[in-house]
Amino acid sequence: MMKTEMKKENILIMSGNYAAAWGAKCSNVHVLSAYPITPQTTVVEKLSDFVDNKELDAKYIRVESEHSVMAALVGSSMTGARSFSATSGQGLLYMTEMLHWVSSSRLPIVTTISSRGIAPPWNIWADYTDILSSRDCGWIIQFASTHQEIFDSILMAYKIAENPEVSLPYFVVYSGFSQSHTSKPVSIPDQQRINEFLPILPEDGWGHLNLNPDKPVTFGNLVMPEQEYLDFRFMIHDSMVKSKNVIHDTIDVFNQSFGRDYEGLVEKYLCDDAEVILIAYGALAEQSKDAVDNLREQGNKVGLFKLR
């Protein structure tokens, strides 16, 4: 039965940025906010095409800065709308204040990062300095190593982030230019199967927060540091820990649904008898498999430990 379903997948040649745009489209996002910055610009350009061509029924918001990109999504997600955007480099740094608003509000927003160097000096090629600077913002961070993984990860990101046990925002990160602007085959499953995989959105918004003029609430109010504030910070940490099991379960369900297994939080490649293990993530980790294979052919017991 699974083999029959797999035939329904449509294989397209696309860039990593287009894979991100397709991931958002197939996730049936409701609200998109956009501000261009190299090398992610074509993500939001492609999504604009989808909306203009009536291929995606979503509200597309053009804003004046990356700070406003995330501010717009805070408002949309607070109403229970599935929300998405993309950024990179300096743009990610500019929206940092709002990243904390998102995680502290426990909003399941998904954002892709076409990772690049931070200026000065200018560098718009693969470098993870931008996303690593956001490590402690309370977002789940996942590194995608292939074009297919970019697309698949966005589908899984919404299922993970919107799980009530998690309720945290999610970054899907991939390399600028080496992934964002190269083109490779990506399998796009039948939309009905994707819809069955994605979580059903609650009619009244997220369980902990829903902006409704008929039911006014106070949000973002002052709390004392030794009591409520510490509790809020701990709950973010606790949900981050709980997300590990949710991630594993989601990967299992995804494998059952689409026949692609991403193993877990890490991927081990020829590590069982390795005397030397390379630790890497992102596209570099995928490329490193070739180096491991070459060294193995030379008689060296080398393995790869890929952080996902």
# chains A, B, ... in the order shown; residues from 1 in each chain; ligands from 1

$ closest_atom_pairs --of "stretch 85-186 of chain A" --to "stretch 12-32 of chain A" --cutoff "7 Å" --atoms "only C-alpha atoms" --output "Markdown table"
| residue | atom | partner | partner_atom | distance |
| --- | --- | --- | --- | --- |
| A:Ser85 | CA | A:Leu32 | CA | 5.7 |
| A:His147 | CA | A:Gly16 | CA | 5.1 |
| A:Ile150 | CA | A:Ala20 | CA | 6.0 |
| A:Phe151 | CA | A:Gly23 | CA | 4.7 |
| A:Asp152 | CA | A:Gly23 | CA | 6.9 |
| A:Ile154 | CA | A:Gly23 | CA | 5.5 |
| A:Leu155 | CA | A:Ser27 | CA | 5.9 |
| A:Gln179 | CA | A:Gly16 | CA | 5.1 |
| A:Ser180 | CA | A:Gly16 | CA | 4.2 |
| A:His181 | CA | A:Ser15 | CA | 5.4 |
| A:Thr182 | CA | A:Ser15 | CA | 5.2 |
| A:Ser183 | CA | A:Ser15 | CA | 4.0 |
| A:Lys184 | CA | A:Ile13 | CA | 5.2 |
| A:Pro185 | CA | A:Ile13 | CA | 4.3 |
| A:Val186 | CA | A:Leu12 | CA | 5.4 |

$ write_last_selection --atoms "N, CA, C and O atoms" --output "tab-separated table (two decimals), in the first residue's frame"
chain	number	residue	atom	x	y	z
A	85	SER	N	7.64	32.65	7.57
A	85	SER	CA	8.48	33.60	6.84
A	85	SER	C	9.86	33.01	6.67
A	85	SER	O	10.12	31.86	7.07
A	147	HIS	N	18.14	19.29	-0.17
A	147	HIS	CA	16.96	20.01	-0.64
A	147	HIS	C	15.68	19.29	-0.21
A	147	HIS	O	14.70	19.93	0.18
A	150	ILE	N	14.92	20.03	3.36
A	150	ILE	CA	14.35	21.36	3.58
A	150	ILE	C	12.83	21.28	3.48
A	150	ILE	O	12.10	21.73	4.38
A	151	PHE	N	12.36	20.71	2.38
A	151	PHE	CA	10.92	20.59	2.17
A	151	PHE	C	10.26	19.75	3.26
A	151	PHE	O	9.29	20.18	3.90
A	152	ASP	N	10.79	18.57	3.49
A	152	ASP	CA	10.19	17.66	4.48
A	152	ASP	C	10.20	18.26	5.88
A	152	ASP	O	9.26	18.06	6.65
A	154	ILE	N	9.92	21.31	6.88
A	154	ILE	CA	8.89	22.32	7.13
A	154	ILE	C	7.57	21.64	7.48
A	154	ILE	O	6.85	22.08	8.39
A	155	LEU	N	7.24	20.56	6.78
A	155	LEU	CA	6.02	19.81	7.12
A	155	LEU	C	6.10	19.29	8.55
A	155	LEU	O	5.15	19.41	9.33
A	179	GLN	N	23.10	25.55	-0.82
A	179	GLN	CA	21.79	24.91	-0.85
A	179	GLN	C	20.72	25.84	-1.42
A	179	GLN	O	19.88	25.41	-2.20
A	180	SER	N	20.76	27.09	-1.03
A	180	SER	CA	19.68	28.01	-1.42
A	180	SER	C	19.59	28.23	-2.92
A	180	SER	O	18.49	28.37	-3.48
A	181	HIS	N	20.74	28.23	-3.62
A	181	HIS	CA	20.74	28.60	-5.03
A	181	HIS	C	21.15	27.46	-5.98
A	181	HIS	O	21.22	27.67	-7.18
A	182	THR	N	21.43	26.29	-5.45
A	182	THR	CA	21.66	25.13	-6.32
A	182	THR	C	20.33	24.40	-6.50
A	182	THR	O	19.43	24.51	-5.67
A	183	SER	N	20.19	23.65	-7.59
A	183	SER	CA	18.94	22.97	-7.90
A	183	SER	C	19.13	21.46	-7.89
A	183	SER	O	20.10	20.95	-8.46
A	184	LYS	N	18.20	20.77	-7.23
A	184	LYS	CA	18.24	19.32	-7.13
A	184	LYS	C	16.81	18.78	-7.13
A	184	LYS	O	15.84	19.52	-6.93
A	185	PRO	N	16.64	17.47	-7.33
A	185	PRO	CA	15.29	16.89	-7.33
A	185	PRO	C	14.67	16.92	-5.92
A	185	PRO	O	15.35	16.65	-4.93
A	186	VAL	N	13.40	17.26	-5.87
A	186	VAL	CA	12.64	17.23	-4.63
A	186	VAL	C	11.31	16.54	-4.90
A	186	VAL	O	10.60	16.90	-5.85

$ select_by_dssp --residues "stretch 86-286 of chain A" --states "alpha helix (DSSP H)" --output "MDAnalysis selection string"
chainID A and resid 89:94 96:104 129:132 147:161 191:197 230:258 283:286

$ closest_atom_pairs --of "stretch 59-149 of chain A" --to "stretch 203-224 of chain A" --cutoff "6 Å" --atoms "only C-alpha atoms" --output "Markdown table"
| residue | atom | partner | partner_atom | distance |
| --- | --- | --- | --- | --- |
| A:Met78 | CA | A:Asn210 | CA | 5.5 |
| A:Thr79 | CA | A:Leu211 | CA | 5.1 |
| A:Gly80 | CA | A:Gly205 | CA | 4.0 |

$ write_last_selection --atoms "C-alpha atoms" --output "PDB file, in the first residue's frame"
ATOM      1  CA  MET A  78      -1.929  34.937  18.209  1.00  0.00           C
ATOM      2  CA  THR A  79      -5.187  34.525  16.299  1.00  0.00           C
ATOM      3  CA  GLY A  80      -4.415  30.851  15.621  1.00  0.00           C
TER       4      GLY A  80
END

$ residues_around --residues "stretch 250-255 of chain A" --least-positions-apart "5" --cutoff "12 Å" --atoms "only C-alpha atoms" --output "ChimeraX atom specification"
/A:2,6,149,152-163,189,193-194,196-199,243-245,260-266

$ select_by_dssp --residues "stretch 35-200 of chain A" --states "strand (DSSP E or B)" --output "ChimeraX atom specification"
/A:59-62,83-87,110-115,140-143,170-175,183-188

$ atom_distance --atom1 "atom CA of A:Val173" --atom2 "atom CA of A:Asn53"
27.3 Å

$ closest_residue --among "A:Tyr281, A:Tyr229, A:Trp125, A:Phe258" --to "A:Gln142" --atoms "only C-alpha atoms"
A:Tyr281

$ atom_distance --atom1 "atom CA of A:Lys242" --atom2 "atom CA of A:Val102"
18.4 Å

$ atom_distance --atom1 "atom CA of A:Val44" --atom2 "atom CA of A:Ser178"
18.4 Å

$ residues_around --residues "A:Glu97" --least-positions-apart "6" --cutoff "10 Å" --atoms "only C-alpha atoms" --output "list in words"
His67, Met70, Ala71 and Cys137 of chain A
